[in-house]
Structures are given as structure tokens and as C-alpha cells.
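Data file: input.csv. Format and content: CSV, C-alpha atoms and all ligand atoms.
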chain,number,residue,atom,x,y,z
A,1,MET,CA,165.4,92.8,53.2
A,2,LYS,CA,168.2,90.5,54.3
A,3,ASN,CA,166.9,87.0,55.1
A,4,ILE,CA,168.8,85.5,58.1
A,5,ILE,CA,168.3,82.1,59.5
A,6,VAL,CA,169.5,81.5,63.1
A,7,THR,CA,169.4,77.9,64.5
A,8,GLY,CA,169.4,77.7,68.3
A,9,ALA,CA,167.4,80.9,68.4
A,10,ALA,CA,165.9,80.2,71.8
A,11,GLY,CA,169.3,79.5,73.4
A,12,PHE,CA,171.6,81.9,75.2
A,13,ILE,CA,173.8,83.2,72.3
A,14,GLY,CA,171.1,82.6,69.6
A,15,SER,CA,168.5,84.7,71.3
A,16,HIS,CA,170.9,87.6,71.9
A,17,LEU,CA,172.1,87.3,68.3
A,18,CYS,CA,168.5,87.5,66.9
A,19,ARG,CA,167.7,90.6,69.0
A,20,TYR,CA,170.9,92.3,67.8
A,21,LEU,CA,170.3,91.5,64.2
A,22,LEU,CA,166.7,92.8,64.4
A,23,LYS,CA,168.0,96.2,65.4
A,24,ASP,CA,168.8,96.6,61.7
A,25,LYS,CA,165.5,97.3,60.0
A,26,ASN,CA,166.8,95.7,56.8
A,27,ASN,CA,167.0,92.3,58.5
A,28,LYS,CA,164.4,89.6,58.7
A,29,VAL,CA,165.2,86.7,61.0
A,30,THR,CA,163.9,83.2,61.1
A,31,GLY,CA,164.8,81.5,64.4
A,32,ILE,CA,164.7,77.8,64.6
A,33,ASP,CA,164.8,75.9,67.9
A,34,CYS,CA,163.1,72.9,69.4
A,35,PHE,CA,163.9,73.8,73.0
A,36,THR,CA,165.8,70.6,73.5
A,37,ASN,CA,168.3,71.7,76.1
A,38,HIS,CA,166.2,73.5,78.7
A,39,GLY,CA,162.6,72.9,77.9
A,40,LYS,CA,160.1,75.7,77.5
A,41,ASP,CA,161.0,76.9,80.9
A,42,ARG,CA,161.2,80.4,82.2
A,43,TYR,CA,164.8,80.6,80.9
A,44,SER,CA,163.9,80.0,77.3
A,45,LYS,CA,160.7,82.0,77.6
A,46,LEU,CA,162.6,85.1,78.9
A,47,ASN,CA,165.0,84.6,76.0
A,48,MET,CA,162.2,84.7,73.5
A,49,GLU,CA,160.0,87.5,75.1
A,50,GLU,CA,161.3,90.5,73.2
A,51,LEU,CA,161.9,88.5,69.9
A,52,ASN,CA,158.3,87.5,69.7
A,53,LYS,CA,157.2,91.2,69.6
A,54,SER,CA,159.1,91.9,66.4
A,55,SER,CA,157.2,91.6,63.1
A,56,ARG,CA,160.5,90.8,61.3
A,57,PHE,CA,161.0,87.7,63.5
A,58,GLN,CA,159.5,84.3,63.1
A,59,LEU,CA,160.1,81.3,65.3
A,60,ALA,CA,160.0,77.9,63.8
A,61,ALA,CA,159.7,75.5,66.8
A,62,GLU,CA,161.2,72.6,64.9
A,63,ASP,CA,163.8,69.9,65.4
A,64,LEU,CA,166.7,70.1,63.1
A,65,THR,CA,167.0,66.4,62.9
A,66,THR,CA,163.8,66.2,60.9
A,67,LEU,CA,162.9,69.7,59.7
A,68,ASP,CA,162.3,70.2,56.0
A,69,TRP,CA,164.9,72.8,55.1
A,70,LYS,CA,163.2,73.7,51.8
A,71,LYS,CA,160.6,75.6,53.9
A,72,TYR,CA,163.2,78.0,55.2
A,73,LEU,CA,166.4,78.2,53.1
A,74,ALA,CA,166.6,80.4,50.0
A,75,ASP,CA,169.3,81.8,47.8
A,76,ASP,CA,171.2,84.8,49.2
A,77,CYS,CA,170.1,84.0,52.8
A,78,VAL,CA,172.7,84.1,55.7
A,79,VAL,CA,172.7,81.1,57.9
A,80,TYR,CA,173.9,81.2,61.5
A,81,HIS,CA,174.2,77.6,62.8
A,82,LEU,CA,174.3,77.9,66.6
A,83,ALA,CA,172.0,75.0,67.6
A,84,GLY,CA,173.7,72.2,69.3
A,85,MET,CA,174.3,70.4,72.6
A,86,PRO,CA,176.7,72.5,74.6
A,87,GLY,CA,178.6,71.7,77.7
A,88,VAL,CA,181.7,69.6,78.3
A,89,ARG,CA,180.7,67.7,81.5
A,90,ASN,CA,177.6,66.1,80.2
A,91,SER,CA,179.1,64.8,77.0
A,92,TRP,CA,180.4,61.6,78.5
A,93,GLY,CA,178.7,58.2,78.7
A,94,SER,CA,175.3,57.6,77.2
A,95,ASN,CA,174.7,61.3,76.6
A,96,PHE,CA,177.3,61.2,73.8
A,97,SER,CA,174.8,60.0,71.3
A,98,SER,CA,172.8,63.3,71.7
A,99,TYR,CA,176.0,65.2,71.1
A,100,VAL,CA,176.6,63.2,67.9
A,101,THR,CA,173.1,63.8,66.7
A,102,ASN,CA,172.8,67.5,67.6
A,103,ASN,CA,176.3,68.7,66.9
A,104,ILE,CA,177.4,66.5,64.0
A,105,SER,CA,174.4,64.9,62.1
A,106,VAL,CA,172.3,68.1,62.3
A,107,THR,CA,175.2,70.1,60.9
A,108,GLN,CA,175.8,67.7,58.0
A,109,ARG,CA,172.0,67.8,57.2
A,110,LEU,CA,172.0,71.6,57.1
A,111,LEU,CA,175.2,71.8,55.0
A,112,GLU,CA,173.6,69.3,52.6
A,113,ALA,CA,170.5,71.4,52.3
A,114,CYS,CA,172.6,74.5,51.6
A,115,SER,CA,174.5,72.6,48.8
A,116,SER,CA,171.8,73.1,46.2
A,117,LEU,CA,171.5,76.8,47.0
A,118,SER,CA,173.6,79.9,46.8
A,119,VAL,CA,173.6,81.1,50.4
A,120,ASP,CA,175.4,84.4,51.1
A,121,LYS,CA,177.3,83.3,54.2
A,122,PHE,CA,177.2,80.2,56.5
A,123,ILE,CA,178.5,80.8,60.0
A,124,PHE,CA,179.2,77.9,62.4
A,125,ALA,CA,179.4,78.4,66.1
A,126,SER,CA,182.4,76.4,67.4
A,127,THR,CA,184.3,76.5,70.6
A,128,SER,CA,187.6,77.0,72.4
A,129,SER,CA,187.1,73.3,73.5
A,130,VAL,CA,188.6,72.2,70.2
A,131,TYR,CA,192.0,73.4,71.3
A,132,GLY,CA,192.4,71.3,74.5
A,133,GLU,CA,195.2,72.0,77.0
A,134,LYS,CA,197.5,74.8,75.9
A,135,THR,CA,199.7,77.4,77.4
A,136,GLY,CA,199.6,81.1,76.6
A,137,LYS,CA,197.5,82.8,74.0
A,138,VAL,CA,196.0,80.4,71.4
A,139,SER,CA,195.7,81.4,67.8
A,140,GLU,CA,193.6,79.7,65.1
A,141,GLN,CA,196.7,78.0,63.7
A,142,GLU,CA,197.3,76.1,67.0
A,143,THR,CA,196.8,72.3,66.7
A,144,THR,CA,193.4,71.1,67.8
A,145,ALA,CA,193.3,68.4,70.5
A,146,PRO,CA,190.0,68.4,72.3
A,147,LEU,CA,189.9,66.9,75.8
A,148,SER,CA,186.2,66.0,75.8
A,149,PRO,CA,183.6,64.2,73.7
A,150,TYR,CA,181.8,67.6,73.3
A,151,GLY,CA,185.0,69.1,71.8
A,152,VAL,CA,185.3,66.2,69.4
A,153,THR,CA,181.7,66.7,68.1
A,154,LYS,CA,182.3,70.4,67.6
A,155,LEU,CA,185.6,69.8,65.8
A,156,THR,CA,183.8,67.3,63.6
A,157,GLY,CA,181.2,69.9,62.9
A,158,GLU,CA,184.1,72.2,61.8
A,159,HIS,CA,185.5,69.6,59.5
A,160,LEU,CA,182.1,69.0,57.9
A,161,CYS,CA,181.9,72.7,57.2
A,162,LYS,CA,185.3,72.6,55.6
A,163,VAL,CA,184.3,69.5,53.5
A,164,TYR,CA,181.2,71.3,52.2
A,165,GLU,CA,183.0,74.5,51.6
A,166,TYR,CA,185.6,72.7,49.5
A,167,ASN,CA,183.2,70.4,47.6
A,168,GLU,CA,180.0,72.5,47.4
A,169,ASN,CA,181.4,76.1,47.6
A,170,ILE,CA,179.4,76.9,50.7
A,171,PRO,CA,180.9,80.2,52.0
A,172,VAL,CA,181.6,78.9,55.5
A,173,THR,CA,183.0,80.9,58.4
A,174,ILE,CA,183.9,79.2,61.7
A,175,LEU,CA,183.8,81.2,65.0
A,176,ARG,CA,185.4,79.7,68.1
A,177,TYR,CA,183.7,81.1,71.1
A,178,PHE,CA,185.5,81.3,74.5
A,179,THR,CA,183.3,80.9,77.6
A,180,VAL,CA,180.4,83.3,77.0
A,181,TYR,CA,178.6,84.9,80.0
A,182,GLY,CA,176.0,87.6,80.8
A,183,PRO,CA,172.2,87.8,81.0
A,184,GLY,CA,170.6,84.8,79.5
A,185,GLN,CA,173.5,82.5,80.2
A,186,ARG,CA,172.5,78.8,80.3
A,187,PRO,CA,171.5,77.4,83.7
A,188,ASP,CA,174.2,74.7,83.6
A,189,MET,CA,177.0,77.3,83.2
A,190,ALA,CA,179.2,78.3,86.1
A,191,PHE,CA,178.3,82.0,86.6
A,192,HIS,CA,174.6,81.3,86.4
A,193,LYS,CA,174.9,78.5,89.0
A,194,PHE,CA,177.3,80.6,91.2
A,195,LEU,CA,175.0,83.6,91.3
A,196,LYS,CA,171.9,81.6,92.0
A,197,ALA,CA,173.6,79.8,94.9
A,198,ILE,CA,175.2,82.9,96.4
A,199,LEU,CA,171.8,84.8,96.3
A,200,LYS,CA,170.0,81.8,97.9
A,201,GLY,CA,172.8,81.2,100.5
A,202,GLU,CA,173.5,77.7,99.0
A,203,THR,CA,176.9,76.1,98.5
A,204,ILE,CA,178.9,76.6,95.3
A,205,THR,CA,180.8,73.6,93.9
A,206,VAL,CA,184.1,74.4,92.3
A,207,TYR,CA,185.9,71.6,90.4
A,208,GLY,CA,189.6,71.8,91.3
A,209,ASP,CA,191.1,74.6,93.4
A,210,GLY,CA,189.6,77.5,91.6
A,211,THR,CA,192.9,78.7,90.1
A,212,GLN,CA,191.9,77.6,86.6
A,213,THR,CA,191.5,80.6,84.3
A,214,ARG,CA,189.2,81.3,81.4
A,215,ASP,CA,189.0,83.9,78.7
A,216,PHE,CA,185.5,85.2,79.5
A,217,THR,CA,183.5,86.8,76.7
A,218,TYR,CA,180.6,89.1,77.5
A,219,ILE,CA,177.5,88.2,75.5
A,220,ASP,CA,177.2,91.6,73.8
A,221,ASP,CA,180.8,91.4,72.6
A,222,CYS,CA,180.3,87.9,71.3
A,223,VAL,CA,177.1,88.8,69.5
A,224,LYS,CA,178.6,92.0,67.9
A,225,GLY,CA,181.5,89.9,66.6
A,226,THR,CA,179.2,87.2,65.3
A,227,ALA,CA,176.9,89.7,63.6
A,228,SER,CA,179.8,91.5,62.0
A,229,VAL,CA,180.6,88.5,59.8
A,230,ILE,CA,177.7,89.5,57.5
A,231,SER,CA,179.2,92.9,56.6
A,232,ALA,CA,182.9,91.9,56.9
A,233,GLY,CA,184.8,91.5,53.6
A,234,LYS,CA,186.1,88.1,52.8
A,235,THR,CA,185.4,85.6,55.6
A,236,THR,CA,184.9,82.4,53.6
A,237,GLY,CA,187.2,79.7,54.8
A,238,GLU,CA,188.2,81.6,57.9
A,239,ILE,CA,188.3,80.2,61.4
A,240,ILE,CA,188.1,83.1,63.9
A,241,ASN,CA,188.5,83.1,67.7
A,242,ILE,CA,186.0,85.2,69.6
A,243,GLY,CA,187.4,85.9,73.1
A,244,GLY,CA,186.7,88.5,75.7
A,245,LYS,CA,188.3,91.6,77.2
A,246,GLU,CA,189.6,89.8,80.4
A,247,ARG,CA,190.8,86.6,81.7
A,248,ALA,CA,190.3,85.6,85.3
A,249,SER,CA,190.4,82.6,87.6
A,250,LEU,CA,187.2,81.1,89.1
A,251,ASN,CA,188.4,82.3,92.5
A,252,GLU,CA,188.7,85.9,91.2
A,253,VAL,CA,185.2,85.7,89.7
A,254,ILE,CA,183.7,84.5,93.0
A,255,ALA,CA,185.3,87.4,94.8
A,256,ILE,CA,183.7,89.9,92.4
A,257,LEU,CA,180.4,88.1,92.7
A,258,GLU,CA,180.6,88.4,96.5
A,259,GLU,CA,181.2,92.2,96.2
A,260,LEU,CA,178.3,92.6,93.7
A,261,THR,CA,175.8,90.7,95.7
A,262,GLY,CA,177.1,91.8,99.1
A,263,LYS,CA,177.0,88.1,100.2
A,264,LYS,CA,179.7,85.7,101.2
A,265,ALA,CA,179.9,82.6,99.0
A,266,ASN,CA,180.0,79.1,100.6
A,267,VAL,CA,182.5,77.4,98.3
A,268,MET,CA,183.1,73.6,98.3
A,269,TYR,CA,186.2,72.6,96.4
A,270,THR,CA,186.0,69.2,94.8
A,271,ASP,CA,187.9,67.0,92.3
A,272,LYS,CA,188.9,68.5,89.0
A,273,GLN,CA,186.7,67.3,86.2
A,274,LYS,CA,188.0,65.4,83.2
A,275,GLY,CA,187.7,67.0,79.8
A,276,GLU,CA,188.3,70.6,81.0
A,277,PRO,CA,191.6,72.4,80.3
A,278,LEU,CA,193.2,74.3,83.1
A,279,HIS,CA,193.5,77.6,81.2
A,280,THR,CA,192.0,79.2,78.1
A,281,TRP,CA,193.3,82.3,76.5
A,282,ALA,CA,192.2,83.6,73.0
A,283,ASP,CA,194.5,85.3,70.6
A,284,ILE,CA,191.9,87.6,69.0
A,285,SER,CA,194.2,89.4,66.5
A,286,LYS,CA,192.5,87.7,63.6
A,287,ALA,CA,189.0,88.8,64.8
A,288,GLU,CA,190.4,92.3,65.2
A,289,GLU,CA,191.7,92.3,61.6
A,290,VAL,CA,188.9,90.5,59.8
A,291,LEU,CA,185.8,91.6,61.8
A,292,ASN,CA,187.1,94.8,63.4
A,293,TYR,CA,186.3,93.0,66.7
A,294,LYS,CA,186.9,94.9,69.9
A,295,PRO,CA,185.5,93.3,73.1
A,296,GLY,CA,184.7,96.2,75.4
A,297,THR,CA,183.0,94.9,78.5
A,298,THR,CA,185.0,94.4,81.6
A,299,LEU,CA,184.4,91.3,83.8
A,300,ARG,CA,183.0,93.5,86.6
A,301,GLU,CA,180.5,95.3,84.2
A,302,GLY,CA,179.4,92.1,82.7
A,303,LEU,CA,179.0,90.3,86.0
A,304,LYS,CA,176.9,93.2,87.3
A,305,LYS,CA,174.5,92.8,84.4
A,306,GLN,CA,174.4,89.1,84.9
A,307,THR,CA,173.7,89.5,88.6
A,308,ASP,CA,170.7,91.8,87.8
A,309,TYR,CA,169.4,89.3,85.4
A,310,ILE,CA,169.6,86.4,87.8
A,311,LYS,CA,167.8,88.4,90.4
A,312,LYS,CA,165.0,89.1,87.9
A,313,LEU,CA,164.9,85.5,86.6
A,314,TYR,CA,164.5,84.0,90.1
A,315,LYS,CA,162.7,87.0,91.6
A,316,TYR,CA,165.3,87.7,94.3
A,317,ASP,CA,164.9,91.1,95.8
A,318,SER,CA,168.4,91.6,97.2
A,401,LIG,N1,177.9,79.5,75.7
A,401,LIG,C1,179.2,79.3,75.5
A,401,LIG,O1,180.0,79.8,76.3
A,401,LIG,C2,179.7,78.7,74.3
A,401,LIG,C3,181.1,78.5,74.1
A,401,LIG,C4,181.6,77.9,73.0
A,401,LIG,C5,180.7,77.5,72.0
A,401,LIG,N2,179.4,77.6,72.2
A,401,LIG,C6,178.5,77.1,71.1
A,401,LIG,O2,177.6,78.1,70.8
A,401,LIG,C7,176.3,77.5,70.5
A,401,LIG,C8,175.2,78.2,71.3
A,401,LIG,O3,175.5,77.9,72.7
A,401,LIG,P1,174.5,78.4,73.9
A,401,LIG,O4,175.4,78.5,75.1
A,401,LIG,O5,173.7,79.5,73.4
A,401,LIG,O6,173.6,77.1,74.1
A,401,LIG,P2,172.1,76.9,74.3
A,401,LIG,O7,171.9,75.5,74.8
A,401,LIG,O8,171.6,78.0,75.2
A,401,LIG,O9,171.5,77.1,72.9
A,401,LIG,C9,171.4,76.1,71.9
A,401,LIG,C10,170.0,75.9,71.4
A,401,LIG,O10,170.0,74.9,70.3
A,401,LIG,C11,168.8,74.3,70.4
A,401,LIG,N3,168.9,73.0,69.8
A,401,LIG,C12,169.8,72.0,70.1
A,401,LIG,N4,169.5,70.9,69.3
A,401,LIG,C13,168.5,71.3,68.4
A,401,LIG,C14,167.9,70.6,67.4
A,401,LIG,N5,168.1,69.3,67.0
A,401,LIG,N6,166.9,71.2,66.7
A,401,LIG,C15,166.5,72.5,67.1
A,401,LIG,N7,167.1,73.2,68.1
A,401,LIG,C16,168.1,72.6,68.7
A,401,LIG,C17,168.5,74.2,71.9
A,401,LIG,O11,167.1,73.9,72.2
A,401,LIG,C18,169.0,75.5,72.4
A,401,LIG,O12,168.0,76.4,72.6
A,401,LIG,C19,176.4,76.0,70.6
A,401,LIG,O13,176.6,75.5,69.4
A,401,LIG,C20,177.7,75.9,71.5
A,401,LIG,O14,178.3,74.7,71.2
A,401,LIG,C21,178.8,78.2,73.3

In C-alpha cells, write the structure found in this file.
Ligand SMILES: NC(=O)c1ccc[n+]([C@@H]2O[C@H](COP(=O)([O-])OP(=O)(O)OC[C@H]3O[C@@H](n4cnc5c(N)ncnc54)[C@H](O)[C@@H]3O)[C@@H](O)[C@H]2O)c1
Amino acid sequence: MKNIIVTGAAGFIGSHLCRYLLKDKNNKVTGIDCFTNHGKDRYSKLNMEELNKSSRFQLAAEDLTTLDWKKYLADDCVVYHLAGMPGVRNSWGSNFSSYVTNNISVTQRLLEACSSLSVDKFIFASTSSVYGEKTGKVSEQETTAPLSPYGVTKLTGEHLCKVYEYNENIPVTILRYFTVYGPGQRPDMAFHKFLKAILKGETITVYGDGTQTRDFTYIDDCVKGTASVISAGKTTGEIINIGGKERASLNEVIAILEELTGKKANVMYTDKQKGEPLHTWADISKAEEVLNYKPGTTLREGLKKQTDYIKKLYKYDS
């Protein structure tokens, strides 16, 4: 039985990853999460529903700032470190200290705990936010220049991974996710907020003129790519972009959502937010080569699934 640890297991990507890993009967998953970001609300509960039914899954509802890692880590286990404080907009001001704690200190603590063991693989969830403002497709060689405090904390997490790989031989792989969406998406993320507002007839706030584009990654594609690190050949030391099948502007997304819901969106355009690049675009050729990664979900298919999920989550009939 493969022993896999997933931090952030109650979160958006973490809960999907656990479900996907449990499809393989040879995997046993320990999910660790203290429900910091969203509370034990219906969002996190829905994420955990199916997982709690599996006999090969155990949830440790513990805080990574204090947890005793000896209870969970063992030689030959695989560690997916997804826990953290996500979100660019909230990372300014007094919130920054939580980003430092949950994205930097917690990562260092986990790496330190892995140092005395021989873990099979250590996978760190990083972000496209480490790149900052770029033009065209961005490959992993591109200079990092985060625009937000969030991006700085994730980049620091990456550097810590590299430091522990170099000095302690921890077999680290860094995945840089590009805006992930789909069922289970965090309530603070754009598509979740847009769909909720459209279905309720409320106003959507768009920062800027809506022409900003993102490389949108459907959750199933993201999770398949993430899970494939376990069976891929040499991944130690690699930094790999995980992008989606399609890029689009926010205005294009809103138009699709209007079609899918059959409702007109009330959009209020407001000032562009600091810390957010105008465009993101992932060069995924390395993921294709190293992980055999092939994102297959079109934006329309993915948004249809997210629309159905939002209706179920908030019990909207139409
Ligand atoms: N969602 C995206 O589009 C996206 C894009 C790029 C990178 N990422 C990264 O992927 C990871 C997962 O993102 P997500 O969208 O699933 O976020 P999420 O907030 O849904 O999940 C993160 C989980 O980590 C948990 N957590 C945070 N601090 C903790 C602590 N100290 N102890 C225990 N649990 C803790 C939270 O309770 C939460 O359930 C994050 O590291 C994020 O930075 C996400």
C-alpha cells in the first residue's frame, strides 16, 4: 500500500486530489487540514463528503503550525503539500502575517520533519503568481517577479523546497498551478462568485475592464497532472507549470456563464486591483514531456460542471 500524505485535504484542489488518488486501491491517503480558510462550512463539508466514506482515507484535523509530524510521516511516503493561504487580493496589510505563517513557516516545518526520513516524493503546490507580469507563453525558465505579497510567500516556499532538496536530499517537485476552476472552487474565487451572483440576480464586480486573460485549468486536469508525479520518472528538482486547455478573458467567461445559466449578468466594472497581472499563459511543454500531461477539458465543459455544482451548493433550482 502506498502511503500518501495530502496537506490542505479539505480545500478545493486537495479534496479533489485525495478523491482521485483513492481511485487506486493501492493508495492509502492521510489528509491533513485545520479548515482555516473557510471554516467547517458547507463548502468544506461537501469537499469531504465522499472522502470520509473511504476506509483508505483518514482525516487529521490538525494545524500544520503545531502538529507533531512524527505521527504521520514515514519512510517511503509521498507528501503533497497543498495547504496554505491562497488568494492575491487578501495578502496585503495585516493579513500578510497569516500568509507568512501558512505559506512559509509551515512549509519549512514540514521540510524539516522530512529531513530525517527517506520520503519517496515531496510535491509542493506553487502558483503562476510567482511570474508576475509577462507577455506571451511563460516557461519555467522565465524570471520570477511576483506582484503580490501572496506570490512572494509562495516563491519563498519554492526556495525553501530547493534549499532542503540541496542540503537534505528531499526529492522535491514544484508544480506551478494556473487559475484552477471547477466544482469545489473556493468561494473567494471569481467563477464561484460570478455564478452565485448571476443565479441570484446580484451584481458581479469585475476589477478592470474585463479584458484581462487567464490560463484557466480545469480541476480534473490539474489533479491528474498532480497525481501523475508519483508514477512519472525523474521529477526531483523539477519545476513544472500546470496550465489549462484554454485561455480566455473575464468578459468571455461571463458571456459563457450567461449562456449556461440562461441569465443576464449585471456587471459592475471597477478599478484594477494591485498585485494581479493582466495576462497569464502557461507553456506546458515540460508537463507534457515529464508528466505526459494533456489538459482535455474545454472552458465551456468545465464551466457547465461548475454551474451544476454551484446550483447544488446553494440549492438553486434554475
Ligand atoms: N486554486 C488555484 O487556482 C490555485 C492556483 C495556484 C496555486 N494554488 C495553490 O494550491 C494550493 C491549494 O489551493 P486551493 O485553491 O485548494 O485552496 P484552499 O483554501 O481551498 O485549500 C487550502 C487548504 O489548506 C488548509 N490550511 C491552510 N493553512 C493550514 C494550516 N496551517 N494547517 C492545516 N491546514 C491548513 C485550509 O484549511 C484549506 O482547506 C495552495 O497552496 C495554493 O496556494 C491554487

Mind checking which residues fall within 10 Å of region 157-171 of chain A, counting only C-alpha atoms, ignoring those fewer than 2 positions away in the same chain, and posting them as a PyMOL selection string?
chain A and resi 78+100+102-108+110-112+114-127+130+151-155+173-176+234-239

Could the residues in this selection be saved with C-alpha atoms as an mmCIF file, in the coordinates of the input?
data_model
loop_
_atom_site.group_PDB
_atom_site.id
_atom_site.type_symbol
_atom_site.label_atom_id
_atom_site.label_comp_id
_atom_site.auth_asym_id
_atom_site.auth_seq_id
_atom_site.Cartn_x
_atom_site.Cartn_y
_atom_site.Cartn_z
ATOM 1 C CA VAL A 78 172.700 84.100 55.700
ATOM 2 C CA VAL A 100 176.600 63.200 67.900
ATOM 3 C CA ASN A 102 172.800 67.500 67.600
ATOM 4 C CA ASN A 103 176.300 68.700 66.900
ATOM 5 C CA ILE A 104 177.400 66.500 64.000
ATOM 6 C CA SER A 105 174.400 64.900 62.100
ATOM 7 C CA VAL A 106 172.300 68.100 62.300
ATOM 8 C CA THR A 107 175.200 70.100 60.900
ATOM 9 C CA GLN A 108 175.800 67.700 58.000
ATOM 10 C CA LEU A 110 172.000 71.600 57.100
ATOM 11 C CA LEU A 111 175.200 71.800 55.000
ATOM 12 C CA GLU A 112 173.600 69.300 52.600
ATOM 13 C CA CYS A 114 172.600 74.500 51.600
ATOM 14 C CA SER A 115 174.500 72.600 48.800
ATOM 15 C CA SER A 116 171.800 73.100 46.200
ATOM 16 C CA LEU A 117 171.500 76.800 47.000
ATOM 17 C CA SER A 118 173.600 79.900 46.800
ATOM 18 C CA VAL A 119 173.600 81.100 50.400
ATOM 19 C CA ASP A 120 175.400 84.400 51.100
ATOM 20 C CA LYS A 121 177.300 83.300 54.200
ATOM 21 C CA PHE A 122 177.200 80.200 56.500
ATOM 22 C CA ILE A 123 178.500 80.800 60.000
ATOM 23 C CA PHE A 124 179.200 77.900 62.400
ATOM 24 C CA ALA A 125 179.400 78.400 66.100
ATOM 25 C CA SER A 126 182.400 76.400 67.400
ATOM 26 C CA THR A 127 184.300 76.500 70.600
ATOM 27 C CA VAL A 130 188.600 72.200 70.200
ATOM 28 C CA GLY A 151 185.000 69.100 71.800
ATOM 29 C CA VAL A 152 185.300 66.200 69.400
ATOM 30 C CA THR A 153 181.700 66.700 68.100
ATOM 31 C CA LYS A 154 182.300 70.400 67.600
ATOM 32 C CA LEU A 155 185.600 69.800 65.800
ATOM 33 C CA THR A 173 183.000 80.900 58.400
ATOM 34 C CA ILE A 174 183.900 79.200 61.700
ATOM 35 C CA LEU A 175 183.800 81.200 65.000
ATOM 36 C CA ARG A 176 185.400 79.700 68.100
ATOM 37 C CA LYS A 234 186.100 88.100 52.800
ATOM 38 C CA THR A 235 185.400 85.600 55.600
ATOM 39 C CA THR A 236 184.900 82.400 53.600
ATOM 40 C CA GLY A 237 187.200 79.700 54.800
ATOM 41 C CA GLU A 238 188.200 81.600 57.900
ATOM 42 C CA ILE A 239 188.300 80.200 61.400
#

Task: Selected residue of minimal separation from Cys34 (chain A) among A:Cys18, A:Ala232, A:Met85, A:Ile284, counting only C-alpha atoms - done: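 Distance minimum relative to Cys34 (chain A) lands on A:Met85.
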
| query | Between A:Ile198, A:Leu278, A:Ala287, A:Ile256, which has the minimum distance to Ile242 (chain A) (counting all atoms listed in the file)? | reply |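 Residue with the minimum atom-to-atom distance to Ile242 (chain A): A:Ala287.
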
CA of Tyr293 (chain A) sits from CA of Ser231 (chain A) at a separation of 12.3 Å

Spatial neighbours of Thr297 (chain A), max dist 9 Å, only C-alpha atoms, sep filter under 3 positions, as a PyMOL selection string: chain A and resi 217-218+220-221+244-246+300-302

Listing only residues of chain A within 8 Å of ligand LIG 401 (chain A), what is the closest atom pair and its distance in Å (to one decimal) for each, using all atoms listed in the file, sorted by chain and residue number ascending, as a Markdown table?
| residue | atom | partner | partner_atom | distance |
| --- | --- | --- | --- | --- |
| A:Thr7 | CA | A:LIG401 | N7 | 6.4 |
| A:Gly8 | CA | A:LIG401 | O10 | 3.5 |
| A:Ala9 | CA | A:LIG401 | O12 | 6.2 |
| A:Ala10 | CA | A:LIG401 | O12 | 4.4 |
| A:Gly11 | CA | A:LIG401 | O8 | 3.3 |
| A:Phe12 | CA | A:LIG401 | O5 | 3.7 |
| A:Ile13 | CA | A:LIG401 | O5 | 3.9 |
| A:Gly14 | CA | A:LIG401 | O5 | 5.6 |
| A:Ser15 | CA | A:LIG401 | O5 | 7.6 |
| A:Ile32 | CA | A:LIG401 | C15 | 6.1 |
| A:Asp33 | CA | A:LIG401 | N7 | 3.6 |
| A:Cys34 | CA | A:LIG401 | C15 | 4.1 |
| A:Phe35 | CA | A:LIG401 | O11 | 3.3 |
| A:Thr36 | CA | A:LIG401 | O11 | 3.8 |
| A:Asn37 | CA | A:LIG401 | O11 | 4.6 |
| A:His38 | CA | A:LIG401 | O11 | 6.6 |
| A:Gly39 | CA | A:LIG401 | O11 | 7.3 |
| A:Ser44 | CA | A:LIG401 | O12 | 7.2 |
| A:Ala61 | CA | A:LIG401 | C15 | 7.4 |
| A:Glu62 | CA | A:LIG401 | C15 | 5.7 |
| A:Asp63 | CA | A:LIG401 | N6 | 3.6 |
| A:Leu64 | CA | A:LIG401 | N6 | 3.8 |
| A:Thr65 | CA | A:LIG401 | N5 | 5.1 |
| A:His81 | CA | A:LIG401 | O13 | 7.3 |
| A:Leu82 | CA | A:LIG401 | O13 | 4.3 |
| A:Ala83 | CA | A:LIG401 | O10 | 3.4 |
| A:Gly84 | CA | A:LIG401 | C12 | 4.0 |
| A:Met85 | CA | A:LIG401 | C12 | 5.4 |
| A:Pro86 | CA | A:LIG401 | O14 | 4.4 |
| A:Gly87 | CA | A:LIG401 | O14 | 7.2 |
| A:Thr101 | CA | A:LIG401 | N5 | 7.4 |
| A:Asn102 | CA | A:LIG401 | N4 | 5.0 |
| A:Asn103 | CA | A:LIG401 | O13 | 7.3 |
| A:Val106 | CA | A:LIG401 | N5 | 6.4 |
| A:Phe124 | CA | A:LIG401 | O13 | 7.8 |
| A:Ala125 | CA | A:LIG401 | O2 | 5.0 |
| A:Ser126 | CA | A:LIG401 | C5 | 5.0 |
| A:Thr127 | CA | A:LIG401 | C4 | 3.9 |
| A:Ser128 | CA | A:LIG401 | C4 | 6.1 |
| A:Ser129 | CA | A:LIG401 | C4 | 7.2 |
| A:Lys154 | CA | A:LIG401 | O14 | 6.9 |
| A:Arg176 | CA | A:LIG401 | C4 | 6.5 |
| A:Tyr177 | CA | A:LIG401 | C4 | 4.3 |
| A:Phe178 | CA | A:LIG401 | C3 | 5.2 |
| A:Thr179 | CA | A:LIG401 | O1 | 3.7 |
| A:Val180 | CA | A:LIG401 | O1 | 3.6 |
| A:Tyr181 | CA | A:LIG401 | O1 | 6.5 |
| A:Gln185 | CA | A:LIG401 | O4 | 6.8 |
| A:Arg186 | CA | A:LIG401 | O8 | 5.2 |
| A:Met189 | CA | A:LIG401 | N1 | 7.9 |
| A:Thr217 | CA | A:LIG401 | O1 | 7.8 |

From CA of Asn90 (chain A) to CA of Leu67 (chain A) the spacing works out at 25.5 Å

Q.
Under the rule that only C-alpha atoms are counted, which of A:Asp271, A:Asp188, A:Asp24, A:Glu259 is the nearest residue to Leu303 (chain A)?
A.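 Selected residue with least distance to Leu303 (chain A): A:Glu259.
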
CA of Val223 (chain A) sits from CA of Leu21 (chain A) at a separation of 9.0 Å

Given only C-alpha atoms as the counted atoms, nearest of A:Thr261, A:Gln141, A:Ser148, A:Ser54 to Lys311 (chain A):
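The closest residue to Lys311 (chain A) is A:Thr261.
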
**Message:** When you count only C-alpha atoms, which of these residues is closest to Leu257 (chain A): A:Lys137, A:Leu147, A:Phe191, A:His16?
**Reply:**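 Of the candidates, the smallest distance to Leu257 (chain A) is held by A:Phe191.
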
Min atom-atom distance to Arg214 (chain A) from the set A:Lys263, A:Lys134, A:Lys312, A:Arg89, counting all atoms listed in the file, belongs to A:Lys134
